[in-house]
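Peer 1: data37.csv is the file, holding CSV, N, CA and C atoms:
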```
chain,number,residue,atom,x,y,z
A,539,MET,N,298.3,161.9,229.1
A,539,MET,CA,299.4,161.7,228.1
A,539,MET,C,299.0,162.5,226.9
A,540,ILE,N,299.9,163.4,226.5
A,540,ILE,CA,299.7,164.2,225.3
A,540,ILE,C,300.3,163.6,224.1
A,541,ARG,N,299.6,163.5,223.1
A,541,ARG,CA,300.1,162.8,221.9
A,541,ARG,C,300.2,163.9,220.8
A,542,LYS,N,301.3,163.9,220.1
A,542,LYS,CA,301.4,164.9,219.0
A,542,LYS,C,300.7,164.3,217.8
A,543,LEU,N,300.1,165.2,217.1
A,543,LEU,CA,299.4,164.8,215.9
A,543,LEU,C,300.3,164.9,214.6
A,544,SER,N,300.1,164.0,213.7
A,544,SER,CA,300.8,164.1,212.5
A,544,SER,C,300.2,165.3,211.6
A,545,ASP,N,300.9,165.7,210.6
A,545,ASP,CA,300.4,166.8,209.8
A,545,ASP,C,299.1,166.4,209.1
A,546,LYS,N,299.0,165.1,208.7
A,546,LYS,CA,297.8,164.6,208.1
A,546,LYS,C,296.6,164.6,209.0
A,547,GLN,N,296.8,164.2,210.3
A,547,GLN,CA,295.8,164.3,211.3
A,547,GLN,C,295.3,165.7,211.6
A,548,ARG,N,296.3,166.6,211.7
A,548,ARG,CA,296.0,168.0,212.0
A,548,ARG,C,295.2,168.6,210.9
A,549,LYS,N,295.5,168.3,209.6
A,549,LYS,CA,294.8,168.9,208.5
A,549,LYS,C,293.3,168.3,208.5
A,550,ARG,N,293.1,167.0,208.8
A,550,ARG,CA,291.8,166.5,208.8
A,550,ARG,C,291.0,167.1,209.9
A,551,LEU,N,291.6,167.3,211.1
A,551,LEU,CA,290.8,167.9,212.2
A,551,LEU,C,290.4,169.4,211.9
A,552,HIS,N,291.3,170.1,211.2
A,552,HIS,CA,291.0,171.4,210.8
A,552,HIS,C,289.8,171.4,209.8
A,553,ARG,N,289.8,170.5,208.8
A,553,ARG,CA,288.7,170.4,207.9
A,553,ARG,C,287.4,170.0,208.6
A,554,LYS,N,287.5,169.1,209.6
A,554,LYS,CA,286.4,168.7,210.4
A,554,LYS,C,285.7,169.9,211.1
A,555,ILE,N,286.5,170.7,211.8
A,555,ILE,CA,286.0,171.8,212.5
A,555,ILE,C,285.4,172.8,211.6
A,556,HIS,N,286.0,173.0,210.4
A,556,HIS,CA,285.4,174.0,209.4
A,556,HIS,C,284.1,173.5,208.9
A,557,ILE,N,284.0,172.2,208.6
A,557,ILE,CA,282.8,171.6,208.1
A,557,ILE,C,281.6,171.6,209.2
A,558,ARG,N,282.0,171.3,210.4
A,558,ARG,CA,281.0,171.3,211.5
A,558,ARG,C,280.4,172.6,211.8
A,559,LYS,N,281.0,173.7,211.4
A,559,LYS,CA,280.4,175.0,211.6
A,559,LYS,C,279.1,175.2,210.9
A,560,SER,N,278.9,174.5,209.7
A,560,SER,CA,277.7,174.6,208.9
A,560,SER,C,276.8,173.4,208.9
A,561,ILE,N,277.3,172.3,209.4
A,561,ILE,CA,276.5,171.1,209.4
A,561,ILE,C,275.9,170.8,210.8
A,562,TYR,N,274.6,170.6,210.9
A,562,TYR,CA,274.0,170.4,212.2
A,562,TYR,C,272.8,169.5,212.0
A,563,GLY,N,272.7,168.4,212.8
A,563,GLY,CA,271.6,167.5,212.7
A,563,GLY,C,270.4,167.8,213.6
A,564,THR,N,269.2,167.7,213.0
A,564,THR,CA,268.0,168.0,213.8
A,564,THR,C,267.2,166.7,213.8
A,565,ALA,N,266.0,166.8,214.5
A,565,ALA,CA,265.2,165.6,214.5
A,565,ALA,C,264.6,165.2,213.2
A,566,GLU,N,264.3,166.2,212.3
A,566,GLU,CA,263.8,166.0,211.0
A,566,GLU,C,264.9,165.5,210.0
A,567,ARG,N,266.1,166.0,210.2
A,567,ARG,CA,267.2,165.7,209.3
A,567,ARG,C,268.5,165.5,210.2
A,568,PRO,N,268.7,164.3,210.7
A,568,PRO,CA,269.9,164.1,211.6
A,568,PRO,C,271.1,164.1,210.7
A,569,ARG,N,272.3,164.1,211.4
A,569,ARG,CA,273.6,164.1,210.8
A,569,ARG,C,274.1,162.7,210.7
A,570,LEU,N,274.5,162.3,209.5
A,570,LEU,CA,275.2,161.0,209.3
A,570,LEU,C,276.7,161.3,209.2
A,571,THR,N,277.4,160.8,210.2
A,571,THR,CA,278.9,161.0,210.3
A,571,THR,C,279.6,159.7,210.1
A,572,VAL,N,280.8,159.8,209.4
A,572,VAL,CA,281.6,158.6,209.1
A,572,VAL,C,282.9,158.8,209.8
A,573,PHE,N,283.4,157.7,210.3
A,573,PHE,CA,284.8,157.6,210.9
A,573,PHE,C,285.5,156.4,210.3
A,574,LYS,N,286.7,156.5,209.9
A,574,LYS,CA,287.4,155.3,209.4
A,574,LYS,C,288.8,155.2,210.1
A,575,SER,N,289.1,154.1,210.5
A,575,SER,CA,290.4,153.8,211.1
A,575,SER,C,291.2,152.9,210.1
A,576,GLY,N,292.3,152.5,210.5
A,576,GLY,CA,293.1,151.6,209.6
A,576,GLY,C,292.4,150.3,209.3
A,577,ARG,N,291.6,149.8,210.3
A,577,ARG,CA,291.0,148.5,210.2
A,577,ARG,C,289.5,148.5,210.1
A,578,ASN,N,288.8,149.5,210.6
A,578,ASN,CA,287.4,149.5,210.7
A,578,ASN,C,286.7,150.7,210.1
A,579,LEU,N,285.5,150.6,209.9
A,579,LEU,CA,284.6,151.7,209.4
A,579,LEU,C,283.5,151.9,210.4
A,580,TYR,N,283.1,153.1,210.7
A,580,TYR,CA,282.0,153.4,211.6
A,580,TYR,C,281.1,154.5,211.0
A,581,ALA,N,279.8,154.4,211.2
A,581,ALA,CA,278.9,155.4,210.8
A,581,ALA,C,277.8,155.5,211.8
A,582,GLN,N,277.4,156.8,212.1
A,582,GLN,CA,276.3,156.9,213.0
A,582,GLN,C,275.5,158.1,212.6
A,583,VAL,N,274.2,158.0,213.0
A,583,VAL,CA,273.3,159.1,212.7
A,583,VAL,C,272.9,159.8,214.0
A,584,ILE,N,273.1,161.1,214.1
A,584,ILE,CA,273.0,161.8,215.3
A,584,ILE,C,272.0,163.0,215.2
A,585,ASN,N,271.2,163.1,216.3
A,585,ASN,CA,270.4,164.3,216.4
A,585,ASN,C,271.1,165.2,217.4
A,586,ASP,N,271.6,166.3,216.8
A,586,ASP,CA,272.5,167.2,217.6
A,586,ASP,C,271.6,168.1,218.5
A,587,ASP,N,270.3,168.2,218.3
A,587,ASP,CA,269.5,169.0,219.2
A,587,ASP,C,269.5,168.3,220.6
A,588,GLU,N,269.3,167.0,220.6
A,588,GLU,CA,269.3,166.3,221.8
A,588,GLU,C,270.6,165.6,222.2
A,589,GLY,N,271.5,165.6,221.3
A,589,GLY,CA,272.8,165.0,221.5
A,589,GLY,C,272.7,163.5,221.6
A,590,LYS,N,271.8,162.9,220.8
A,590,LYS,CA,271.6,161.4,220.9
A,590,LYS,C,271.9,160.8,219.5
A,591,THR,N,272.5,159.6,219.6
A,591,THR,CA,272.7,158.8,218.5
A,591,THR,C,271.5,158.0,218.2
A,592,LEU,N,270.9,158.1,216.9
A,592,LEU,CA,269.7,157.5,216.6
A,592,LEU,C,270.0,156.1,216.0
A,593,ALA,N,271.1,155.9,215.3
A,593,ALA,CA,271.4,154.6,214.7
A,593,ALA,C,272.9,154.6,214.4
A,594,SER,N,273.5,153.4,214.5
A,594,SER,CA,274.9,153.3,214.2
A,594,SER,C,275.2,152.0,213.5
A,595,ILE,N,276.4,151.9,212.9
A,595,ILE,CA,276.8,150.7,212.2
A,595,ILE,C,278.3,150.7,212.2
A,596,SER,N,278.9,149.5,212.3
A,596,SER,CA,280.4,149.5,212.1
A,596,SER,C,280.8,148.1,211.7
A,597,THR,N,282.0,147.9,211.3
A,597,THR,CA,282.6,146.6,211.0
A,597,THR,C,282.9,145.8,212.2
A,598,LEU,N,282.7,146.4,213.4
A,598,LEU,CA,283.0,145.6,214.6
A,598,LEU,C,281.8,144.8,215.0
A,599,GLU,N,280.6,145.0,214.4
A,599,GLU,CA,279.4,144.2,214.7
A,599,GLU,C,279.6,142.8,214.2
A,600,LYS,N,278.9,141.8,214.8
A,600,LYS,CA,279.1,140.4,214.5
A,600,LYS,C,278.7,140.2,213.0
A,601,ASP,N,277.6,140.8,212.5
A,601,ASP,CA,277.2,140.6,211.2
A,601,ASP,C,278.2,141.1,210.1
A,602,PHE,N,279.0,142.1,210.5
A,602,PHE,CA,279.9,142.7,209.6
A,602,PHE,C,281.4,142.4,210.0
A,603,ALA,N,281.7,141.5,210.8
A,603,ALA,CA,283.0,141.2,211.3
A,603,ALA,C,284.0,140.9,210.2
A,604,ALA,N,283.5,140.2,209.2
A,604,ALA,CA,284.4,139.8,208.1
A,604,ALA,C,284.8,141.0,207.2
A,605,LEU,N,284.2,142.1,207.3
A,605,LEU,CA,284.4,143.3,206.4
A,605,LEU,C,285.7,144.0,206.9
A,606,LYS,N,286.4,144.6,206.0
A,606,LYS,CA,287.5,145.5,206.3
A,606,LYS,C,287.2,146.9,205.9
A,607,ALA,N,288.2,147.8,206.0
A,607,ALA,CA,288.0,149.2,205.7
A,607,ALA,C,288.4,149.4,204.3
A,608,ASN,N,287.5,148.9,203.4
A,608,ASN,CA,287.7,149.1,201.9
A,608,ASN,C,286.4,149.5,201.3
A,609,VAL,N,286.5,149.8,200.0
A,609,VAL,CA,285.3,150.3,199.2
A,609,VAL,C,284.2,149.3,199.2
A,610,ASP,N,284.5,148.0,199.0
A,610,ASP,CA,283.4,147.0,198.9
A,610,ASP,C,282.7,146.9,200.3
A,611,SER,N,283.5,146.9,201.3
A,611,SER,CA,282.9,146.8,202.7
A,611,SER,C,282.0,148.0,203.0
A,612,ALA,N,282.5,149.2,202.5
A,612,ALA,CA,281.8,150.4,202.8
A,612,ALA,C,280.4,150.4,202.0
A,613,THR,N,280.4,149.8,200.9
A,613,THR,CA,279.2,149.7,200.1
A,613,THR,C,278.2,148.8,200.8
A,614,LYS,N,278.6,147.7,201.4
A,614,LYS,CA,277.7,146.8,202.2
A,614,LYS,C,277.2,147.5,203.4
A,615,LEU,N,278.1,148.2,204.1
A,615,LEU,CA,277.7,148.9,205.3
A,615,LEU,C,276.7,150.0,205.0
A,616,GLY,N,276.9,150.7,203.9
A,616,GLY,CA,276.0,151.8,203.5
A,616,GLY,C,274.6,151.2,203.2
A,617,GLU,N,274.5,150.1,202.5
A,617,GLU,CA,273.2,149.5,202.2
A,617,GLU,C,272.5,149.0,203.5
A,618,ALA,N,273.3,148.5,204.4
A,618,ALA,CA,272.7,148.0,205.7
A,618,ALA,C,272.3,149.2,206.5
A,619,LEU,N,273.1,150.3,206.5
A,619,LEU,CA,272.7,151.5,207.3
A,619,LEU,C,271.4,152.1,206.7
A,620,GLY,N,271.3,152.1,205.4
A,620,GLY,CA,270.1,152.6,204.7
A,620,GLY,C,268.9,151.9,205.2
A,621,ALA,N,269.0,150.5,205.2
A,621,ALA,CA,267.9,149.7,205.7
A,621,ALA,C,267.5,150.0,207.1
A,622,ARG,N,268.5,150.2,208.0
A,622,ARG,CA,268.2,150.5,209.4
A,622,ARG,C,267.5,151.8,209.6
A,623,LEU,N,267.9,152.8,208.8
A,623,LEU,CA,267.3,154.1,208.8
A,623,LEU,C,265.9,154.0,208.3
A,624,LYS,N,265.6,153.3,207.3
A,624,LYS,CA,264.2,153.1,206.8
A,624,LYS,C,263.4,152.5,207.9
A,625,GLU,N,263.9,151.5,208.6
A,625,GLU,CA,263.1,150.9,209.7
A,625,GLU,C,262.8,151.9,210.8
A,626,LYS,N,263.7,152.8,211.0
A,626,LYS,CA,263.4,153.8,212.1
A,626,LYS,C,262.6,155.0,211.6
A,627,GLY,N,262.3,155.0,210.3
A,627,GLY,CA,261.5,156.1,209.7
A,627,GLY,C,262.3,157.3,209.4
A,628,ILE,N,263.6,157.2,209.2
A,628,ILE,CA,264.4,158.3,208.9
A,628,ILE,C,264.6,158.3,207.4
A,629,GLU,N,264.2,159.3,206.7
A,629,GLU,CA,264.3,159.4,205.2
A,629,GLU,C,265.4,160.4,204.7
A,630,LYS,N,265.6,161.4,205.5
A,630,LYS,CA,266.6,162.5,205.1
A,630,LYS,C,267.7,162.6,206.2
A,631,VAL,N,268.9,162.8,205.7
A,631,VAL,CA,270.0,163.1,206.6
A,631,VAL,C,270.9,164.1,206.0
A,632,VAL,N,271.8,164.7,206.9
A,632,VAL,CA,272.8,165.6,206.4
A,632,VAL,C,274.1,164.8,206.5
A,633,PHE,N,274.9,164.8,205.4
A,633,PHE,CA,276.1,164.0,205.4
A,633,PHE,C,277.3,164.8,206.0
A,634,ASP,N,278.0,164.2,207.0
A,634,ASP,CA,279.1,164.8,207.5
A,634,ASP,C,280.3,163.9,207.3
A,635,ARG,N,281.2,164.3,206.4
A,635,ARG,CA,282.3,163.4,206.0
A,635,ARG,C,283.4,163.5,207.0
A,636,ASN,N,283.3,164.2,208.1
A,636,ASN,CA,284.2,164.2,209.2
A,636,ASN,C,285.6,164.6,208.9
A,637,GLY,N,285.8,165.5,207.9
A,637,GLY,CA,287.1,165.9,207.5
A,637,GLY,C,287.8,165.1,206.5
A,638,TYR,N,287.2,163.9,206.2
A,638,TYR,CA,287.9,163.1,205.2
A,638,TYR,C,287.5,163.6,203.8
A,639,LEU,N,288.4,163.3,202.8
A,639,LEU,CA,288.1,163.7,201.5
A,639,LEU,C,287.0,162.8,200.9
A,640,TYR,N,286.1,163.4,200.1
A,640,TYR,CA,285.0,162.7,199.6
A,640,TYR,C,285.4,161.8,198.4
A,641,HIS,N,286.0,160.7,198.7
A,641,HIS,CA,286.4,159.7,197.7
A,641,HIS,C,286.7,158.4,198.4
A,642,GLY,N,286.7,157.3,197.6
A,642,GLY,CA,287.0,156.0,198.2
A,642,GLY,C,286.0,155.5,199.1
A,643,VAL,N,286.4,155.2,200.3
A,643,VAL,CA,285.5,154.6,201.3
A,643,VAL,C,284.3,155.5,201.7
A,644,VAL,N,284.6,156.7,201.9
A,644,VAL,CA,283.6,157.7,202.3
A,644,VAL,C,282.5,157.8,201.2
A,645,LYS,N,283.0,158.0,200.0
A,645,LYS,CA,282.1,158.1,198.8
A,645,LYS,C,281.3,156.8,198.6
A,646,ALA,N,281.9,155.7,198.8
A,646,ALA,CA,281.2,154.4,198.6
A,646,ALA,C,280.1,154.2,199.6
A,647,LEU,N,280.4,154.6,200.9
A,647,LEU,CA,279.3,154.5,201.9
A,647,LEU,C,278.2,155.4,201.7
A,648,ALA,N,278.5,156.7,201.3
A,648,ALA,CA,277.5,157.6,201.0
A,648,ALA,C,276.6,157.2,199.8
A,649,ASP,N,277.2,156.7,198.7
A,649,ASP,CA,276.5,156.3,197.5
A,649,ASP,C,275.6,155.1,197.8
A,650,ALA,N,276.1,154.2,198.6
A,650,ALA,CA,275.3,153.0,198.9
A,650,ALA,C,274.1,153.4,199.8
A,651,THR,N,274.3,154.3,200.7
A,651,THR,CA,273.2,154.8,201.6
A,651,THR,C,272.1,155.5,200.8
A,652,ARG,N,272.6,156.3,199.8
A,652,ARG,CA,271.7,157.0,198.9
A,652,ARG,C,270.9,156.0,198.1
A,653,ALA,N,271.6,154.9,197.6
A,653,ALA,CA,270.9,153.9,196.8
A,653,ALA,C,269.9,153.1,197.6
A,654,ALA,N,270.0,153.1,198.9
A,654,ALA,CA,269.0,152.4,199.8
A,654,ALA,C,267.8,153.3,200.0
A,655,GLY,N,267.8,154.5,199.5
A,655,GLY,CA,266.6,155.4,199.6
A,655,GLY,C,266.7,156.5,200.6
A,656,ILE,N,267.9,156.8,201.1
A,656,ILE,CA,268.1,157.9,202.0
A,656,ILE,C,268.5,159.1,201.2
A,657,VAL,N,267.9,160.2,201.5
A,657,VAL,CA,268.1,161.5,200.8
A,657,VAL,C,269.1,162.3,201.6
A,658,PHE,N,270.1,162.8,200.9
A,658,PHE,CA,271.1,163.7,201.5
A,658,PHE,C,270.8,165.1,201.1
```
Since I need it in another form, could you write the structure as structure tokens?
Peer 2:
Amino acid sequence: MIRKLSDKQRKRLHRKIHIRKSIYGTAERPRLTVFKSGRNLYAQVINDDEGKTLASISTLEKDFAALKANVDSATKLGEALGARLKEKGIEKVVFDRNGYLYHGVVKALADATRAAGIVF
């Protein structure tokens, strides 16, 4: 089934492709990517050399089920993600905003992760 994309979705995908040309996650500095839907937020840390996800977090997990896709929830997710990365020994990441504009939920998640001690 082929689905037509709205103009907003098409523009985001174009930005995403353009951004991913220059952003690449390695073992020393994996890629932190963010995805947001209307109801949930997702973030994962990826080693692109091996094609493996090193850590992930989302509002679908039991601990964060009460959270929505808003700035306050993104802040809590960012803090928790920072703690998970510290446990795994990951100190530095490359931030991939996944085509979204850097404000609101995306900015809140990034700032909270930075505040937890992760370097971008």
Peer 1: Fewer than 5 positions away in the same chain doesn't count, so skip those; otherwise give me all residues within 8 Å of Lys624 (chain A), counting all atoms listed in the file, as a list of chain:residue names.
Peer 2: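 My list of contacting residues is A:Ala618, A:Leu619, A:Glu629, A:Ala654, A:Gly655, A:Ile656.
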Peer 1: Write out as an mmCIF file with N, CA and C atoms, keeping the file's coordinate frame which residues come within 7 Å of Ile584 (chain A) when counting only N, CA and C atoms, dropping same-chain ones fewer than 5 positions away.
Peer 2:
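out.cif, freshly written:
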```cif
data_model
loop_
_atom_site.group_PDB
_atom_site.id
_atom_site.type_symbol
_atom_site.label_atom_id
_atom_site.label_comp_id
_atom_site.auth_asym_id
_atom_site.auth_seq_id
_atom_site.Cartn_x
_atom_site.Cartn_y
_atom_site.Cartn_z
ATOM 1 N N GLY A 563 272.700 168.400 212.800
ATOM 2 C CA GLY A 563 271.600 167.500 212.700
ATOM 3 C C GLY A 563 270.400 167.800 213.600
ATOM 4 N N THR A 564 269.200 167.700 213.000
ATOM 5 C CA THR A 564 268.000 168.000 213.800
ATOM 6 C C THR A 564 267.200 166.700 213.800
ATOM 7 N N ARG A 567 266.100 166.000 210.200
ATOM 8 C CA ARG A 567 267.200 165.700 209.300
ATOM 9 C C ARG A 567 268.500 165.500 210.200
ATOM 10 N N PRO A 568 268.700 164.300 210.700
ATOM 11 C CA PRO A 568 269.900 164.100 211.600
ATOM 12 C C PRO A 568 271.100 164.100 210.700
ATOM 13 N N ARG A 569 272.300 164.100 211.400
ATOM 14 C CA ARG A 569 273.600 164.100 210.800
ATOM 15 C C ARG A 569 274.100 162.700 210.700
ATOM 16 N N LEU A 570 274.500 162.300 209.500
ATOM 17 C CA LEU A 570 275.200 161.000 209.300
ATOM 18 C C LEU A 570 276.700 161.300 209.200
ATOM 19 N N THR A 571 277.400 160.800 210.200
ATOM 20 C CA THR A 571 278.900 161.000 210.300
ATOM 21 C C THR A 571 279.600 159.700 210.100
ATOM 22 N N GLY A 589 271.500 165.600 221.300
ATOM 23 C CA GLY A 589 272.800 165.000 221.500
ATOM 24 C C GLY A 589 272.700 163.500 221.600
ATOM 25 N N LYS A 590 271.800 162.900 220.800
ATOM 26 C CA LYS A 590 271.600 161.400 220.900
ATOM 27 C C LYS A 590 271.900 160.800 219.500
ATOM 28 N N THR A 591 272.500 159.600 219.600
ATOM 29 C CA THR A 591 272.700 158.800 218.500
ATOM 30 C C THR A 591 271.500 158.000 218.200
ATOM 31 N N LEU A 592 270.900 158.100 216.900
ATOM 32 C CA LEU A 592 269.700 157.500 216.600
ATOM 33 C C LEU A 592 270.000 156.100 216.000
ATOM 34 N N ALA A 593 271.100 155.900 215.300
ATOM 35 C CA ALA A 593 271.400 154.600 214.700
ATOM 36 C C ALA A 593 272.900 154.600 214.400
#
```
Peer 1: What are the DSSP helix (DSSP H, G or I) residues of region 563-622 of chain A, as a PyMOL selection string?
Peer 2: chain A and resi 600-602+609-622
Peer 1: Find the residues near Leu551 (chain A): any atom within 8 Å, counting all atoms listed in the file, skip ones fewer than 6 places away on the same chain, and give them as a PyMOL selection string.
Peer 2: chain A and resi 545+557+636-638
Peer 1: If you count only N, CA and C atoms, which residues fall within 7 Å of Phe658 (chain A), apart from same-chain ones fewer than 5 positions away, as an mmCIF file with N, CA and C atoms, keeping the file's coordinate frame?
Peer 2:
```
data_model
loop_
_atom_site.group_PDB
_atom_site.id
_atom_site.type_symbol
_atom_site.label_atom_id
_atom_site.label_comp_id
_atom_site.auth_asym_id
_atom_site.auth_seq_id
_atom_site.Cartn_x
_atom_site.Cartn_y
_atom_site.Cartn_z
ATOM 1 N N GLU A 629 264.200 159.300 206.700
ATOM 2 C CA GLU A 629 264.300 159.400 205.200
ATOM 3 C C GLU A 629 265.400 160.400 204.700
ATOM 4 N N LYS A 630 265.600 161.400 205.500
ATOM 5 C CA LYS A 630 266.600 162.500 205.100
ATOM 6 C C LYS A 630 267.700 162.600 206.200
ATOM 7 N N VAL A 631 268.900 162.800 205.700
ATOM 8 C CA VAL A 631 270.000 163.100 206.600
ATOM 9 C C VAL A 631 270.900 164.100 206.000
ATOM 10 N N VAL A 632 271.800 164.700 206.900
ATOM 11 C CA VAL A 632 272.800 165.600 206.400
ATOM 12 C C VAL A 632 274.100 164.800 206.500
ATOM 13 N N PHE A 633 274.900 164.800 205.400
ATOM 14 C CA PHE A 633 276.100 164.000 205.400
ATOM 15 C C PHE A 633 277.300 164.800 206.000
ATOM 16 N N ARG A 652 272.600 156.300 199.800
ATOM 17 C CA ARG A 652 271.700 157.000 198.900
ATOM 18 C C ARG A 652 270.900 156.000 198.100
#
```
Peer 1: Return as JSON the centre and edge lengths, in Å with one decimal, of the box along x, y and z that encloses every atom of region 558-570 of chain A in the file, padded by 3 Å per side.
Peer 2:
```
{"center_x": 272.9, "center_y": 168.1, "center_z": 211.7, "size_x": 24.2, "size_y": 20.2, "size_z": 11.6}
```
Peer 1: Quick one, how far is atom C of Leu615 (chain A) from atom N of Arg548 (chain A)?
Peer 2: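 Atom N of Arg548 (chain A) lies at a distance of 26.5 Å from atom C of Leu615 (chain A).
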Peer 1: For Asp634 (chain A), which of A:Lys574, A:Ile561, A:Glu566, A:Ser544 is the closest residue, counting only N, CA and C atoms?
Peer 2: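 Distance minimum relative to Asp634 (chain A) lands on A:Ile561.
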Peer 1: For Thr651 (chain A), which residue among A:Ile628, A:Ile595, A:Ala621, A:Leu639 is the nearest when counting all atoms listed in the file?
Peer 2: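 Nearest candidate to Thr651 (chain A) out of A:Ile628, A:Ile595, A:Ala621, A:Leu639: A:Ala621.
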Peer 1: To one decimal place in Å, what is the distance between atom C of Asp601 (chain A) and atom N of Ala581 (chain A)?
Peer 2: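 Answer for the atom C of Asp601 (chain A) to atom N of Ala581 (chain A) separation: 13.4 Å.
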Peer 1: Using DSSP assignments from the backbone, pull out every residue in region 556-654 of chain A that falls under strand (DSSP E) and give it to me as a list in words.
Peer 2: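 Secondary structure check on region 556-654 of chain A, strand (DSSP E): Arg569, Leu570, Thr571, Val572, Phe573, Lys574, Leu579, Tyr580, Ala581, Gln582, Val583, Ile584, Asn585, Lys590, Thr591, Leu592, Ala593, Ser594, Ile595, Ser596, Val632, Phe633 and Asp634 of chain A.
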Peer 1: Pull the neighbourhood of (286.0, 152.7, 194.1) for me: all residues within 9 Å in file coordinates, counting only C-alpha atoms, as a list of chain:residue names.
Peer 2: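 Output: A:Asn608, A:Val609, A:Asp610, A:His641, A:Gly642, A:Val643, A:Lys645, A:Ala646.
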Peer 1: Have a look at CA of Thr597 (chain A) and CA of Gly620 (chain A) and let me know their distance in Å, one decimal.
Peer 2: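 Pair CA of Thr597 (chain A) / CA of Gly620 (chain A) returns 15.2 Å.
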Peer 1: Let me make sure I understand: among A:Ala565, A:Glu617, A:Ser575, A:Lys626, which one has the smallest atom-to-atom distance to Ala648 (chain A) if we use all atoms listed in the file?
Peer 2: A:Glu617
Peer 1: Which residues come within 6.5 Å of Leu598 (chain A), counting all atoms listed in the file, excluding same-chain residues fewer than 5 positions away, as a list in words?
Peer 2: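 Within the cut-off, the hits are Asn578, Leu579 and Ala603 of chain A.
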